[in-house]
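Chemist: input.txt is reproduced below (compact mmCIF, C-alpha atoms).
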```
# COMPACT_ATOMS: atom_id res chain seq x y z
CA ASP A 1 114.28 118.64 208.85
CA GLN A 2 112.14 121.75 208.37
CA ALA A 3 109.80 119.58 206.27
CA VAL A 4 109.14 117.38 209.31
CA LYS A 5 108.12 120.39 211.40
CA ASN A 6 105.82 121.69 208.66
CA HIS A 7 104.28 118.29 207.91
CA ASP A 8 105.50 118.47 204.34
CA TRP A 9 105.66 115.25 202.40
CA VAL A 10 109.17 114.23 201.35
CA GLY A 11 109.91 112.12 198.27
CA VAL A 12 111.99 108.99 198.84
CA CYS A 13 113.42 106.38 196.47
CA ASN A 14 113.42 102.83 197.90
CA LEU A 15 115.19 100.01 196.08
CA LEU A 16 115.13 96.33 196.98
CA VAL A 17 117.74 94.00 195.51
CA VAL A 18 116.26 90.59 194.79
CA ARG A 19 118.47 87.51 194.48
CA THR A 20 117.55 84.40 192.52
CA LYS A 21 120.55 82.21 193.42
CA PRO A 22 121.07 79.99 195.29
CA GLN A 23 117.45 80.62 196.34
CA PRO A 24 115.01 83.54 196.04
CA ALA A 25 115.97 86.16 198.60
CA VAL A 26 115.99 89.88 199.36
CA ILE A 27 118.95 91.94 200.51
CA PHE A 28 118.06 94.24 203.39
CA GLN A 29 120.25 96.89 204.94
CA LEU A 30 120.80 97.11 208.66
CA ARG A 31 120.49 100.82 209.35
CA ASN A 32 123.27 102.55 211.25
CA SER A 33 122.86 103.03 214.99
CA ASP A 34 123.06 106.82 214.48
CA ALA A 35 120.23 106.94 211.92
CA LYS A 36 117.48 109.47 212.67
CA TRP A 37 114.84 107.00 211.52
CA ALA A 38 114.77 103.28 212.41
CA PRO A 39 118.30 102.92 213.82
CA ASN A 40 119.55 99.31 214.11
CA GLN A 41 116.61 98.02 212.10
CA LEU A 42 116.34 96.25 208.74
CA ASP A 43 115.03 98.25 205.82
CA VAL A 44 115.12 98.32 202.01
CA THR A 45 118.46 97.60 200.35
CA GLY A 46 119.02 101.27 199.63
CA GLY A 47 117.12 104.49 199.58
CA GLY A 48 117.19 108.19 199.97
CA HIS A 49 115.46 111.51 199.50
CA TYR A 50 114.92 113.12 196.12
CA GLN A 51 116.32 116.53 195.55
CA ALA A 52 114.16 119.23 194.01
CA GLY A 53 113.73 118.71 190.27
CA GLU A 54 114.98 115.11 190.20
CA THR A 55 113.12 112.35 188.42
CA LEU A 56 112.29 109.01 190.04
CA TYR A 57 115.36 107.39 188.56
CA GLN A 58 117.68 110.22 189.49
CA GLY A 59 116.60 109.63 193.06
CA MET A 60 118.59 106.41 192.93
CA ARG A 61 121.79 108.39 193.37
CA GLU A 62 121.48 107.92 197.12
CA VAL A 63 121.21 104.18 196.61
CA GLN A 64 124.62 104.36 194.95
CA GLU A 65 125.94 106.41 197.86
CA GLU A 66 124.62 103.92 200.44
CA ILE A 67 125.61 100.61 198.83
CA GLY A 68 128.10 101.51 196.10
CA ARG A 69 126.06 100.17 193.18
CA ASN A 70 124.79 102.22 190.26
CA TYR A 71 121.49 100.88 188.92
CA GLN A 72 120.42 102.00 185.47
CA PRO A 73 116.75 102.95 185.04
CA LYS A 74 116.10 100.23 182.46
CA LYS A 75 117.27 97.55 184.92
CA ALA A 76 114.98 98.69 187.75
CA THR A 77 111.29 97.84 187.92
CA HIS A 78 109.10 100.57 189.40
CA ILE A 79 106.33 98.85 191.36
CA GLY A 80 104.52 101.86 192.72
CA ARG A 81 104.34 104.29 195.60
CA ARG A 82 103.50 104.05 199.22
CA LEU A 83 102.84 106.58 201.92
CA ASN A 84 104.77 106.24 205.13
CA ILE A 85 104.06 108.22 208.27
CA SER A 86 106.25 107.33 211.22
CA PRO A 87 108.17 108.91 214.07
CA ASP A 88 111.92 109.43 214.06
CA ILE A 89 114.18 109.00 217.10
CA TYR A 90 113.18 112.46 218.34
CA GLY A 91 109.47 111.63 218.26
CA GLN A 92 108.90 113.90 215.23
CA THR A 93 106.48 112.47 212.71
CA ARG A 94 107.96 112.07 209.23
CA PHE A 95 105.76 112.08 206.13
CA TYR A 96 107.21 110.19 203.15
CA VAL A 97 106.02 109.36 199.65
CA ALA A 98 108.22 106.39 198.72
CA ASP A 99 108.70 105.21 195.15
CA LEU A 100 109.47 101.49 195.19
CA PHE A 101 111.87 99.77 192.80
CA LEU A 102 113.03 96.17 192.40
CA VAL A 103 116.20 94.97 190.71
CA THR A 104 117.63 91.46 190.34
CA GLU A 105 121.30 90.98 191.16
CA ASN A 106 123.22 87.93 192.35
CA LEU A 107 126.55 89.55 193.20
CA PRO A 108 128.43 88.48 196.31
CA LEU A 109 127.79 90.91 199.17
CA GLU A 110 131.50 91.73 199.24
CA ARG A 111 131.01 93.65 195.95
CA TYR A 112 128.85 96.24 197.71
CA ILE A 113 130.54 99.26 199.25
CA LEU A 114 128.58 100.38 202.30
CA GLN A 115 128.38 103.99 203.41
CA LYS A 116 129.41 103.46 207.04
CA ASP A 117 127.52 106.43 208.46
CA GLU A 118 124.27 105.18 206.89
CA VAL A 119 124.46 101.38 206.59
CA SER A 120 125.87 99.03 209.23
CA ALA A 121 125.42 95.82 207.22
CA LEU A 122 123.65 94.03 204.40
CA VAL A 123 121.92 90.70 205.04
CA ILE A 124 120.38 88.14 202.71
CA CYS A 125 116.88 87.05 203.74
CA PRO A 126 115.45 84.05 201.85
CA LEU A 127 111.84 84.63 200.75
CA LYS A 128 110.61 81.35 202.28
CA GLN A 129 112.00 82.32 205.66
CA LEU A 130 110.56 85.82 205.38
CA GLU A 131 107.13 84.33 204.66
CA LYS A 132 107.36 82.12 207.75
CA LEU A 133 108.48 85.12 209.78
CA PHE A 134 105.46 87.22 208.84
CA GLN A 135 102.90 84.40 208.71
CA LYS A 136 103.96 82.33 211.72
CA ASN A 137 106.35 84.63 213.58
CA GLN A 138 109.25 82.18 213.04
CA SER A 139 112.55 84.01 213.39
CA PHE A 140 115.65 82.93 211.46
CA ILE A 141 119.35 83.67 211.12
CA ALA A 142 120.39 85.79 208.13
CA HIS A 143 123.92 85.93 206.82
CA GLY A 144 125.57 89.08 205.60
CA ILE A 145 128.48 91.48 205.76
CA ASN A 146 129.07 94.59 207.81
CA SER A 147 130.53 97.87 206.57
CA ASN A 148 134.05 96.47 207.15
CA LYS A 149 133.22 93.52 204.84
CA GLU A 150 133.29 91.10 207.77
CA LYS A 151 130.81 88.23 207.70
CA ILE A 152 127.97 88.49 210.19
CA GLN A 153 124.92 86.58 211.31
CA LEU A 154 121.79 88.36 212.44
CA GLU A 155 118.65 87.01 214.05
CA VAL A 156 115.72 88.26 212.01
CA THR A 157 112.52 88.82 213.95
CA GLN A 158 109.44 90.89 213.14
CA GLN A 159 110.68 93.50 215.64
CA ILE A 160 113.89 94.13 213.68
CA PHE A 161 111.83 95.76 210.92
CA PRO A 162 110.45 99.28 211.46
CA PRO A 163 106.76 99.23 212.35
CA THR A 164 104.45 100.11 209.46
CA TRP A 165 100.73 100.79 209.30
CA ASP A 166 100.37 98.99 205.96
CA ASN A 167 102.20 95.70 206.65
CA PHE A 168 104.80 96.81 204.08
CA TYR A 169 107.41 94.10 204.55
CA TYR A 170 104.93 91.25 204.21
CA LYS A 171 103.25 92.85 201.19
CA ILE A 172 106.56 93.43 199.44
CA ILE A 173 107.39 89.71 199.73
CA THR A 174 104.19 88.93 197.82
CA VAL A 175 105.09 91.42 195.08
CA ILE A 176 108.64 90.03 194.85
CA LYS A 177 107.30 86.49 194.39
CA ARG A 178 105.22 87.75 191.44
CA TYR A 179 108.24 89.68 190.12
CA LEU A 180 110.34 86.50 190.14
CA LYS A 181 107.62 84.72 188.14
CA LYS A 182 108.06 87.48 185.52
CA GLU A 183 104.49 88.71 185.98
CA LYS A 184 103.69 92.08 184.43
CA ASN A 185 101.85 95.07 185.85
CA LEU A 186 103.30 94.70 189.32
CA VAL A 187 101.86 97.25 191.65
CA TYR A 188 102.48 97.68 195.34
CA TRP A 189 99.09 98.12 196.98
```
In structure tokens, what does this structure look like?
Modeler:
Amino acid sequence: DQAVKNHDWVGVCNLLVVRTKPQPAVIFQLRNSDAKWAPNQLDVTGGGHYQAGETLYQGMREVQEEIGRNYQPKKATHIGRRLNISPDIYGQTRFYVADLFLVTENLPLERYILQKDEVSALVICPLKQLEKLFQKNQSFIAHGINSNKEKIQLEVTQQIFPPTWDNFYYKIITVIKRYLKKEKNLVYW
């Protein structure tokens, strides 16, 4: 956490798993209650810090640690970078450069192996319901599994996502819709 004190930018790999069946959806992780950033909130499917000298794709190793899935570089679509500046639970401002990746996978949630000290649960959020959430503030119930592979239901509201200055979660839905239409040159803006 020395980087936080020095205002250094930290590289992060963020991966979102997109489902196509039975309907277009995104898998979000419910962050552990002990997380230093955004505890008990929904975030990307998996993510983590790069280590010095790693490439973008090597940064996915933490995704494997968090959700037990190994994504090969050729199966992931890099959609760009975003800057994220936000406080952690101690009020320290964190400065992240996040590389964003999308991958399509329709596996049952029970096939994921969650790192209990990082991820409390995974939930499936249909794109149509996410759009209504961010356009009309209509909450919905998402279904998922917790780290013990027990089925859960979670009310999804705008407040369950970490606050962002760039409306990240709404923007990413738009990019995912284009991704599902097989559009090329996807760029997070």
Chemist: With only C-alpha atoms as the basis for distance, which of A:Leu83, A:Ile152, A:Ile67, A:Leu127 is at the shortest distance from Lys21 of chain A?
Modeler: A:Leu127
Chemist: My list of candidates is A:Gln92, A:Ser120, A:Asn40, A:Asn106. Which is closest to Ile160 of chain A when distances are computed with all atoms listed in the file?
Modeler: A:Asn40
Chemist: Name the residues in contact with Ser33 of chain A at a cut-off of 12 Å, using only C-alpha atoms, excluding same-chain residues fewer than 2 positions from it; report them as a PDB file with C-alpha atoms, keeping the file's coordinate frame.
Modeler:
```
ATOM      1  CA  LEU A  30     120.800  97.110 208.660  1.00  0.00           C
ATOM      2  CA  ARG A  31     120.490 100.820 209.350  1.00  0.00           C
ATOM      3  CA  ALA A  35     120.230 106.940 211.920  1.00  0.00           C
ATOM      4  CA  LYS A  36     117.480 109.470 212.670  1.00  0.00           C
ATOM      5  CA  TRP A  37     114.840 107.000 211.520  1.00  0.00           C
ATOM      6  CA  ALA A  38     114.770 103.280 212.410  1.00  0.00           C
ATOM      7  CA  PRO A  39     118.300 102.920 213.820  1.00  0.00           C
ATOM      8  CA  ASN A  40     119.550  99.310 214.110  1.00  0.00           C
ATOM      9  CA  GLN A  41     116.610  98.020 212.100  1.00  0.00           C
ATOM     10  CA  LEU A  42     116.340  96.250 208.740  1.00  0.00           C
ATOM     11  CA  ILE A  89     114.180 109.000 217.100  1.00  0.00           C
ATOM     12  CA  LYS A 116     129.410 103.460 207.040  1.00  0.00           C
ATOM     13  CA  ASP A 117     127.520 106.430 208.460  1.00  0.00           C
ATOM     14  CA  GLU A 118     124.270 105.180 206.890  1.00  0.00           C
ATOM     15  CA  VAL A 119     124.460 101.380 206.590  1.00  0.00           C
ATOM     16  CA  SER A 120     125.870  99.030 209.230  1.00  0.00           C
ATOM     17  CA  ALA A 121     125.420  95.820 207.220  1.00  0.00           C
TER      18      ALA A 121
END
```
Chemist: Which value, in Å to one decimal, gives the distance between atom CA of Ile113 of chain A and atom CA of Asn148 of chain A?
Modeler: 9.1 Å
Chemist: Which one is closest to Pro126 of chain A: A:Lys177, A:Gly53, A:Lys151, A:Lys184? Count only C-alpha atoms.
Modeler: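 Looking only at the distances to Pro126 of chain A, the closest residue turns out to be A:Lys177.
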Chemist: Counting all atoms listed in the file, which residues in segment 71-162 of chain A sit no more than 12 Å from segment 24-28 of chain A? For each one, give the nearest pair of atoms and the distance in Å, sorted by chain then residue number, as JSON lines.
Modeler:
```
{"residue": "A:Leu102", "atom": "CA", "partner": "A:Val26", "partner_atom": "CA", "distance": 9.8}
{"residue": "A:Val103", "atom": "CA", "partner": "A:Val26", "partner_atom": "CA", "distance": 10.0}
{"residue": "A:Thr104", "atom": "CA", "partner": "A:Val26", "partner_atom": "CA", "distance": 9.3}
{"residue": "A:Glu105", "atom": "CA", "partner": "A:Ile27", "partner_atom": "CA", "distance": 9.7}
{"residue": "A:Asn106", "atom": "CA", "partner": "A:Ala25", "partner_atom": "CA", "distance": 9.7}
{"residue": "A:Leu107", "atom": "CA", "partner": "A:Ile27", "partner_atom": "CA", "distance": 10.8}
{"residue": "A:Pro108", "atom": "CA", "partner": "A:Ile27", "partner_atom": "CA", "distance": 10.9}
{"residue": "A:Leu109", "atom": "CA", "partner": "A:Ile27", "partner_atom": "CA", "distance": 9.0}
{"residue": "A:Tyr112", "atom": "CA", "partner": "A:Ile27", "partner_atom": "CA", "distance": 11.2}
{"residue": "A:Val119", "atom": "CA", "partner": "A:Phe28", "partner_atom": "CA", "distance": 10.1}
{"residue": "A:Ser120", "atom": "CA", "partner": "A:Phe28", "partner_atom": "CA", "distance": 10.9}
{"residue": "A:Ala121", "atom": "CA", "partner": "A:Phe28", "partner_atom": "CA", "distance": 8.4}
{"residue": "A:Leu122", "atom": "CA", "partner": "A:Phe28", "partner_atom": "CA", "distance": 5.7}
{"residue": "A:Val123", "atom": "CA", "partner": "A:Phe28", "partner_atom": "CA", "distance": 5.5}
{"residue": "A:Ile124", "atom": "CA", "partner": "A:Ile27", "partner_atom": "CA", "distance": 4.6}
{"residue": "A:Cys125", "atom": "CA", "partner": "A:Val26", "partner_atom": "CA", "distance": 5.3}
{"residue": "A:Pro126", "atom": "CA", "partner": "A:Ala25", "partner_atom": "CA", "distance": 3.9}
{"residue": "A:Leu127", "atom": "CA", "partner": "A:Ala25", "partner_atom": "CA", "distance": 4.9}
{"residue": "A:Lys128", "atom": "CA", "partner": "A:Pro24", "partner_atom": "CA", "distance": 7.9}
{"residue": "A:Gln129", "atom": "CA", "partner": "A:Ala25", "partner_atom": "CA", "distance": 9.0}
{"residue": "A:Leu130", "atom": "CA", "partner": "A:Ala25", "partner_atom": "CA", "distance": 8.7}
{"residue": "A:Glu131", "atom": "CA", "partner": "A:Ala25", "partner_atom": "CA", "distance": 10.9}
{"residue": "A:Ala142", "atom": "CA", "partner": "A:Ile27", "partner_atom": "CA", "distance": 9.9}
{"residue": "A:His143", "atom": "CA", "partner": "A:Ile27", "partner_atom": "CA", "distance": 10.0}
{"residue": "A:Gly144", "atom": "CA", "partner": "A:Ile27", "partner_atom": "CA", "distance": 8.8}
{"residue": "A:Ile145", "atom": "CA", "partner": "A:Ile27", "partner_atom": "CA", "distance": 10.9}
{"residue": "A:Asn146", "atom": "CA", "partner": "A:Phe28", "partner_atom": "CA", "distance": 11.9}
{"residue": "A:Leu154", "atom": "CA", "partner": "A:Phe28", "partner_atom": "CA", "distance": 11.4}
{"residue": "A:Val156", "atom": "CA", "partner": "A:Phe28", "partner_atom": "CA", "distance": 10.7}
{"residue": "A:Ile160", "atom": "CA", "partner": "A:Phe28", "partner_atom": "CA", "distance": 11.1}
{"residue": "A:Phe161", "atom": "CA", "partner": "A:Phe28", "partner_atom": "CA", "distance": 9.9}
```
Chemist: Using all atoms listed in the file for the distances, tell me which of A:Val10, A:Leu133, A:Leu56, A:Val175 is nearest to Gln158 of chain A.
Modeler: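 Result for the nearest residue to Gln158 of chain A: A:Leu133.
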Chemist: Between atom CA of Trp165 of chain A and atom CA of Arg94 of chain A, measure the distance and give it in Å to one decimal.
Modeler: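 Taking atom CA of Trp165 of chain A and atom CA of Arg94 of chain A, their separation equals 13.4 Å.
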Chemist: Find the residue from A:Asn70, A:Thr164, A:Ser147, A:Thr77 that sits nearest to Glu110 of chain A; use all atoms listed in the file when measuring.
Modeler: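 Closest to Glu110 of chain A, using all atoms listed in the file: A:Ser147.
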Chemist: For atom CA of Leu16 of chain A and atom CA of Phe101 of chain A, determine how far apart the two atoms are, in Å to one decimal place.
Modeler: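 Rounded to one decimal, the two atoms are 6.3 Å apart.
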Chemist: In terms of the shortest atom-to-atom distance over only C-alpha atoms, which of A:Ile173, A:Val187, A:Val18, A:Leu114 is closest to Glu65 of chain A?
Modeler: A:Leu114
Chemist: May I have the residues within 8 Å of His49 of chain A as a CSV table (one decimal) with C-alpha atoms, in the coordinates of the input, using all atoms listed in the file and disregarding those fewer than 3 positions away in the same chain?
Modeler:
```csv
chain,number,residue,atom,x,y,z
A,10,VAL,CA,109.2,114.2,201.4
A,11,GLY,CA,109.9,112.1,198.3
A,12,VAL,CA,112.0,109.0,198.8
A,13,CYS,CA,113.4,106.4,196.5
A,59,GLY,CA,116.6,109.6,193.1
A,62,GLU,CA,121.5,107.9,197.1
```
Chemist: Could you pull the residues within 7 Å of Phe95 of chain A, counting all atoms listed in the file, minus those fewer than 5 positions along the same chain, as number ranges by chain?
Modeler: A: 7-10, 84-86
Chemist: Next, the residues of the selection above should be written as a JSON list (two decimals), in the frame of the given file with C-alpha atoms.
Modeler:
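And here's out05.json as it stands now:
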```json
[["chain", "number", "residue", "atom", "x", "y", "z"],
["A", 7, "HIS", "CA", 104.28, 118.29, 207.91],
["A", 8, "ASP", "CA", 105.50, 118.47, 204.34],
["A", 9, "TRP", "CA", 105.66, 115.25, 202.40],
["A", 10, "VAL", "CA", 109.17, 114.23, 201.35],
["A", 84, "ASN", "CA", 104.77, 106.24, 205.13],
["A", 85, "ILE", "CA", 104.06, 108.22, 208.27],
["A", 86, "SER", "CA", 106.25, 107.33, 211.22]]
```
Chemist: Using only the atoms of segment 31-40 of chain A listed in the file, plus 8 Å on each side, state the axis-aligned box centre and edge lengths in Å rounded to one decimal, as AutoDock Vina command-line options.
Modeler:
```
--center_x 119.0 --center_y 104.4 --center_z 212.2 --size_x 24.5 --size_y 26.2 --size_z 21.6
```
Chemist: For segment 15-37 of chain A, where the input has fewer atoms than it should, I would like N, CA, C and O atoms rebuilt and written as an mmCIF file, in the frame of the given file.
Modeler:
```
data_model
loop_
_atom_site.group_PDB
_atom_site.id
_atom_site.type_symbol
_atom_site.label_atom_id
_atom_site.label_comp_id
_atom_site.auth_asym_id
_atom_site.auth_seq_id
_atom_site.Cartn_x
_atom_site.Cartn_y
_atom_site.Cartn_z
ATOM 1 N N LEU A 15 114.824 101.085 196.998
ATOM 2 C CA LEU A 15 115.190 100.010 196.080
ATOM 3 C C LEU A 15 115.437 98.742 196.881
ATOM 4 O O LEU A 15 116.109 98.766 197.916
ATOM 5 N N LEU A 16 114.873 97.646 196.395
ATOM 6 C CA LEU A 16 115.130 96.330 196.980
ATOM 7 C C LEU A 16 115.857 95.479 195.956
ATOM 8 O O LEU A 16 115.409 95.353 194.811
ATOM 9 N N VAL A 17 116.993 94.916 196.366
ATOM 10 C CA VAL A 17 117.740 94.000 195.510
ATOM 11 C C VAL A 17 117.223 92.598 195.781
ATOM 12 O O VAL A 17 117.202 92.138 196.926
ATOM 13 N N VAL A 18 116.803 91.938 194.710
ATOM 14 C CA VAL A 18 116.260 90.590 194.790
ATOM 15 C C VAL A 18 117.300 89.627 194.223
ATOM 16 O O VAL A 18 117.864 89.871 193.158
ATOM 17 N N ARG A 19 117.545 88.549 194.940
ATOM 18 C CA ARG A 19 118.470 87.510 194.480
ATOM 19 C C ARG A 19 117.671 86.306 194.015
ATOM 20 O O ARG A 19 116.622 86.004 194.574
ATOM 21 N N THR A 20 118.191 85.624 193.014
ATOM 22 C CA THR A 20 117.550 84.400 192.520
ATOM 23 C C THR A 20 118.368 83.159 192.849
ATOM 24 O O THR A 20 117.839 82.061 192.836
ATOM 25 N N LYS A 21 119.657 83.333 193.152
ATOM 26 C CA LYS A 21 120.550 82.210 193.420
ATOM 27 C C LYS A 21 121.241 82.381 194.753
ATOM 28 O O LYS A 21 121.596 83.506 195.103
ATOM 29 N N PRO A 22 121.465 81.376 195.529
ATOM 30 C CA PRO A 22 121.070 79.990 195.290
ATOM 31 C C PRO A 22 119.581 79.735 195.518
ATOM 32 O O PRO A 22 119.064 78.687 195.155
ATOM 33 N N GLN A 23 118.903 80.713 196.131
ATOM 34 C CA GLN A 23 117.450 80.620 196.340
ATOM 35 C C GLN A 23 116.894 82.034 196.315
ATOM 36 O O GLN A 23 117.621 82.992 196.539
ATOM 37 N N PRO A 24 115.597 82.193 196.040
ATOM 38 C CA PRO A 24 115.010 83.540 196.040
ATOM 39 C C PRO A 24 115.175 84.220 197.398
ATOM 40 O O PRO A 24 114.879 83.623 198.440
ATOM 41 N N ALA A 25 115.684 85.444 197.361
ATOM 42 C CA ALA A 25 115.970 86.160 198.600
ATOM 43 C C ALA A 25 115.953 87.665 198.342
ATOM 44 O O ALA A 25 115.959 88.110 197.197
ATOM 45 N N VAL A 26 115.936 88.419 199.418
ATOM 46 C CA VAL A 26 115.990 89.880 199.360
ATOM 47 C C VAL A 26 117.181 90.317 200.205
ATOM 48 O O VAL A 26 117.445 89.755 201.266
ATOM 49 N N ILE A 27 117.876 91.343 199.717
ATOM 50 C CA ILE A 27 118.950 91.940 200.510
ATOM 51 C C ILE A 27 118.366 93.141 201.245
ATOM 52 O O ILE A 27 117.805 94.046 200.630
ATOM 53 N N PHE A 28 118.491 93.107 202.569
ATOM 54 C CA PHE A 28 118.060 94.240 203.390
ATOM 55 C C PHE A 28 119.284 94.898 204.003
ATOM 56 O O PHE A 28 120.278 94.244 204.287
ATOM 57 N N GLN A 29 119.185 96.196 204.226
ATOM 58 C CA GLN A 29 120.250 96.890 204.940
ATOM 59 C C GLN A 29 119.900 96.964 206.415
ATOM 60 O O GLN A 29 118.731 97.099 206.783
ATOM 61 N N LEU A 30 120.933 96.849 207.239
ATOM 62 C CA LEU A 30 120.800 97.110 208.660
ATOM 63 C C LEU A 30 121.201 98.571 208.842
ATOM 64 O O LEU A 30 122.346 98.957 208.571
ATOM 65 N N ARG A 31 120.245 99.379 209.236
ATOM 66 C CA ARG A 31 120.490 100.820 209.350
ATOM 67 C C ARG A 31 121.477 101.104 210.477
ATOM 68 O O ARG A 31 121.528 100.412 211.478
ATOM 69 N N ASN A 32 122.250 102.141 210.288
ATOM 70 C CA ASN A 32 123.270 102.550 211.250
ATOM 71 C C ASN A 32 122.633 102.905 212.589
ATOM 72 O O ASN A 32 121.507 103.399 212.634
ATOM 73 N N SER A 33 123.373 102.717 213.655
ATOM 74 C CA SER A 33 122.860 103.030 214.990
ATOM 75 C C SER A 33 122.624 104.520 215.204
ATOM 76 O O SER A 33 121.899 104.914 216.112
ATOM 77 N N ASP A 34 123.244 105.364 214.364
ATOM 78 C CA ASP A 34 123.060 106.820 214.480
ATOM 79 C C ASP A 34 121.968 107.364 213.561
ATOM 80 O O ASP A 34 121.765 108.574 213.498
ATOM 81 N N ALA A 35 121.266 106.493 212.849
ATOM 82 C CA ALA A 35 120.230 106.940 211.920
ATOM 83 C C ALA A 35 119.112 107.668 212.673
ATOM 84 O O ALA A 35 118.744 107.275 213.778
ATOM 85 N N LYS A 36 118.569 108.713 212.048
ATOM 86 C CA LYS A 36 117.480 109.470 212.670
ATOM 87 C C LYS A 36 116.155 108.721 212.610
ATOM 88 O O LYS A 36 115.256 108.988 213.386
ATOM 89 N N TRP A 37 116.051 107.807 211.647
ATOM 90 C CA TRP A 37 114.840 107.000 211.520
ATOM 91 C C TRP A 37 115.234 105.534 211.514
ATOM 92 O O TRP A 37 116.138 105.128 210.788
#
```
